[in-house]
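Q: Starting off with a structure, shown below.
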Amino acid sequence: PSTSNGTTPTPLTNYLDAQYYGEISIGSPAQMFNVVFDTGSANLWVPSYNCSPLYTACFTHNRYDASKSRTHIENGTGFSIQYASGNVRGFLSEDVVVVGGIPVVQVFAEVTALPAIPFIFAKFDGVLGMGYPNVAIDGITPVFDRIMSQHVLKEDVFSVYYSKDPMHKPGGELVLGGIDPDYYTGTFNYMGTHKAGKWEVNMKGVSVGEEMLFCKEGCTAVIDTGSSYITGPASSVSVLMKTIGATELAEGGYTVNCDLVKSLPSVTFHLGGHEYTLTEEDYILWQSQFGEDICSVTFRGLDVPPPTGPIWILGANFIARYYTEFDRRKNRIGFATAV
Ligand SMILES: CCN(C(=O)c1cnc(C)nc1NCc1ccco1)[C@H]1CCCNC1
């Protein structure tokens, strides 16, 4: 990985094309954690050594032990972050966090209540929010803002590459301060973040095949590196699933008959004057379980209440196709075809 800005790229691990995470350290001596670099949130949290034994998910992950770090600074303020599946609670601490070789003194959350759903399924220990400060809980300055204020980056941007090939090593890459030419082809197309302060853009519509079916009057698309799938308003996604002949599973997922996959239409997102097309290869997860093939569709219905919603969330399966640059100086997002 060749980056022109002197920082060391962070290699990411790809777990089943659904979870991408990389390693950071917290404390002295370094305590290592696997975290999702998540543009859909702006706080750093990891499981705490003080997590109650009631929470199994804490004990299947690495936990931060303040008593073992000589650079730990006490804080103790309460913390809670709400996810669709439940909320994550704990208290604040401060310590040296190293991301991509860059150390920052960071306020983060030690989590003492970690819901089994969904985190028992998480291969990562915690989440490192790469969102804007104004979505940060407790008004905590996010990690990337602390890095920018050190003026060590050539540019106030970061880029995310997610691989789709399980044999590809690494499974992805986060570059702080630039882009990695090894992972894209062609040129970047940029669009402004439509509400400064969130990694979201105006979307002009969503087409299936040649027909514009959804978001015809325009809508908001959130570019969320921490979400596995593409989500859209439940009504739109259920029409989309019917159009491609997908059947709904109990827990909200969809599958299609693997024999029909090659005849599925492409889905195109109209963003910033350009069209970003996903073919069936991009949105079908083909898994063989116990000798039979399961073809699951990586779209989910999710109704986000106003004023934030209704929105579409473009997650890992979109980013795997379009290498993404997040530009904090110009408040814009750039896409280029990933290789
Ligand atoms: C991290 C919390 N998130 C998940 O969608 C999520 C939940 N639970 C599990 C087990 N994994 C998740 N994401 C895996 C992943 C890694 C990279 C791409 O997707 C979202 C919550 C909303 C903000 N954005 C992030």
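Residue numbering restarts at 1 in every chain; chains get A, B, ... in the order shown in the structure tokens, and ligands count up from 1 in that same order.
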Segment 124-240 of chain A: which residues are alpha helix (DSSP H) by DSSP, as a list in words?
A: Val143, Phe144, Asp145, Arg146, Ile147, Met148, Ala234, Ser235, Ser236, Val237, Ser238, Val239 and Leu240 of chain A
Q: Write as a CSV table (one decimal) with N, CA and C atoms, in the first residue's frame the residues around ligand 1, taking 9 Å as the cut-off and counting only C-alpha atoms and all ligand atoms.
A:
chain,number,residue,atom,x,y,z
A,14,ASN,N,-11.6,-8.4,6.8
A,14,ASN,CA,-13.0,-8.6,6.2
A,14,ASN,C,-13.6,-9.9,6.8
A,15,TYR,N,-14.7,-9.8,7.5
A,15,TYR,CA,-15.3,-11.0,8.0
A,15,TYR,C,-16.6,-11.1,7.2
A,17,ASP,N,-17.6,-10.3,4.4
A,17,ASP,CA,-18.1,-9.2,3.7
A,17,ASP,C,-19.1,-8.3,4.5
A,18,ALA,N,-19.3,-8.7,5.7
A,18,ALA,CA,-20.3,-8.0,6.5
A,18,ALA,C,-19.7,-7.2,7.7
A,19,GLN,N,-18.5,-7.5,8.1
A,19,GLN,CA,-17.8,-6.7,9.1
A,19,GLN,C,-16.4,-6.4,8.7
A,20,TYR,N,-16.0,-5.1,8.8
A,20,TYR,CA,-14.6,-4.8,8.5
A,20,TYR,C,-14.1,-4.0,9.7
A,21,TYR,N,-12.9,-4.4,10.1
A,21,TYR,CA,-12.4,-3.8,11.4
A,21,TYR,C,-10.9,-3.8,11.3
A,35,VAL,N,-11.5,-2.5,16.1
A,35,VAL,CA,-12.6,-1.6,16.0
A,35,VAL,C,-13.1,-1.4,14.6
A,36,VAL,N,-14.4,-1.1,14.5
A,36,VAL,CA,-15.0,-0.7,13.2
A,36,VAL,C,-14.8,0.8,13.1
A,37,PHE,N,-14.2,1.2,12.0
A,37,PHE,CA,-14.0,2.7,11.7
A,37,PHE,C,-15.3,3.1,11.1
A,38,ASP,N,-16.2,3.8,11.9
A,38,ASP,CA,-17.6,4.0,11.6
A,38,ASP,C,-17.9,5.4,11.3
A,39,THR,N,-18.2,5.8,10.0
A,39,THR,CA,-18.6,7.1,9.7
A,39,THR,C,-20.0,7.4,10.1
A,40,GLY,N,-20.8,6.4,10.6
A,40,GLY,CA,-22.1,6.6,11.0
A,40,GLY,C,-22.2,7.0,12.5
A,41,SER,N,-21.1,7.2,13.2
A,41,SER,CA,-21.1,7.6,14.6
A,41,SER,C,-19.8,8.4,14.8
A,42,ALA,N,-19.7,9.0,16.0
A,42,ALA,CA,-18.5,9.8,16.3
A,42,ALA,C,-17.9,9.6,17.6
A,82,GLN,N,-27.2,4.8,21.4
A,82,GLN,CA,-28.4,4.0,21.0
A,82,GLN,C,-28.2,3.4,19.6
A,83,TYR,N,-28.3,2.1,19.5
A,83,TYR,CA,-28.3,1.4,18.2
A,83,TYR,C,-29.7,0.9,18.0
A,84,ALA,N,-30.0,0.5,16.7
A,84,ALA,CA,-31.3,0.0,16.4
A,84,ALA,C,-31.7,-1.2,17.3
A,85,SER,N,-30.6,-2.0,17.7
A,85,SER,CA,-30.9,-3.2,18.4
A,85,SER,C,-30.8,-3.1,19.9
A,117,ILE,N,-27.4,-9.0,21.6
A,117,ILE,CA,-27.8,-8.7,20.2
A,117,ILE,C,-27.5,-7.3,19.9
A,118,PRO,N,-26.6,-6.9,19.0
A,118,PRO,CA,-26.0,-7.8,18.0
A,118,PRO,C,-24.5,-8.2,18.4
A,119,PHE,N,-24.0,-7.7,19.5
A,119,PHE,CA,-22.6,-7.7,19.7
A,119,PHE,C,-22.0,-9.1,20.0
A,120,ILE,N,-22.8,-10.1,20.3
A,120,ILE,CA,-22.3,-11.4,20.5
A,120,ILE,C,-21.8,-11.9,19.1
A,121,PHE,N,-22.3,-11.3,18.0
A,121,PHE,CA,-21.9,-11.7,16.7
A,121,PHE,C,-20.8,-10.9,16.1
A,122,ALA,N,-20.4,-9.9,16.9
A,122,ALA,CA,-19.4,-9.0,16.4
A,122,ALA,C,-18.0,-9.6,16.5
A,123,LYS,N,-17.2,-9.6,15.4
A,123,LYS,CA,-15.8,-10.0,15.5
A,123,LYS,C,-15.0,-8.9,16.0
A,124,PHE,N,-15.5,-7.7,16.0
A,124,PHE,CA,-14.8,-6.5,16.5
A,124,PHE,C,-15.1,-6.3,18.0
A,126,GLY,N,-15.0,-3.1,19.5
A,126,GLY,CA,-15.6,-1.8,19.7
A,126,GLY,C,-15.8,-1.0,18.5
A,127,VAL,N,-16.1,0.3,18.6
A,127,VAL,CA,-16.4,1.1,17.5
A,127,VAL,C,-15.6,2.4,17.6
A,128,LEU,N,-15.0,2.8,16.5
A,128,LEU,CA,-14.3,4.1,16.5
A,128,LEU,C,-15.0,5.0,15.5
A,129,GLY,N,-15.8,5.9,16.1
A,129,GLY,CA,-16.6,6.8,15.2
A,129,GLY,C,-15.8,7.8,14.4
A,162,TYR,N,-12.8,-1.4,1.1
A,162,TYR,CA,-13.3,-2.7,1.6
A,162,TYR,C,-13.2,-3.7,0.5
A,224,ASP,N,-22.2,5.1,5.3
A,224,ASP,CA,-21.9,4.6,6.6
A,224,ASP,C,-21.0,3.4,6.6
A,225,THR,N,-19.7,3.7,6.8
A,225,THR,CA,-18.7,2.6,6.7
A,225,THR,C,-18.9,1.5,7.8
A,226,GLY,N,-19.7,1.8,8.8
A,226,GLY,CA,-19.9,0.9,9.9
A,226,GLY,C,-21.2,0.0,9.7
A,227,SER,N,-21.9,0.2,8.6
A,227,SER,CA,-23.1,-0.6,8.3
A,227,SER,C,-22.7,-1.7,7.3
A,228,SER,N,-23.2,-2.9,7.5
A,228,SER,CA,-22.9,-4.0,6.6
A,228,SER,C,-23.6,-3.8,5.3
A,229,TYR,N,-24.8,-3.4,5.3
A,229,TYR,CA,-25.7,-3.4,4.2
A,229,TYR,C,-26.1,-2.1,3.6
A,315,GLY,N,-23.8,1.2,2.9
A,315,GLY,CA,-22.9,0.6,3.8
A,315,GLY,C,-21.8,-0.2,3.0
A,316,ALA,N,-21.2,-1.2,3.7
A,316,ALA,CA,-20.0,-1.9,3.2
A,316,ALA,C,-20.1,-2.4,1.8
A,317,ASN,N,-21.3,-2.9,1.4
A,317,ASN,CA,-21.4,-3.5,0.1
A,317,ASN,C,-21.3,-2.5,-1.0
Q: Excluding segment 269-282 of chain A and residues on its chain fewer than 6 positions from it, collect all residues at most 10 Å away from it, counting only C-alpha atoms, and give them as a PyMOL selection string.
A: chain A and resi 164+189-192+201-209+212+214-215+218+220-221+261-263+297-298+312+314+317-318+320-322+333-337
Q: What is the atom CA of Thr13 of chain A-atom CA of Asp327 of chain A distance in Å, reported with one decimal?
A: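 Atom-to-atom, atom CA of Thr13 of chain A and atom CA of Asp327 of chain A are spaced 23.4 Å apart.
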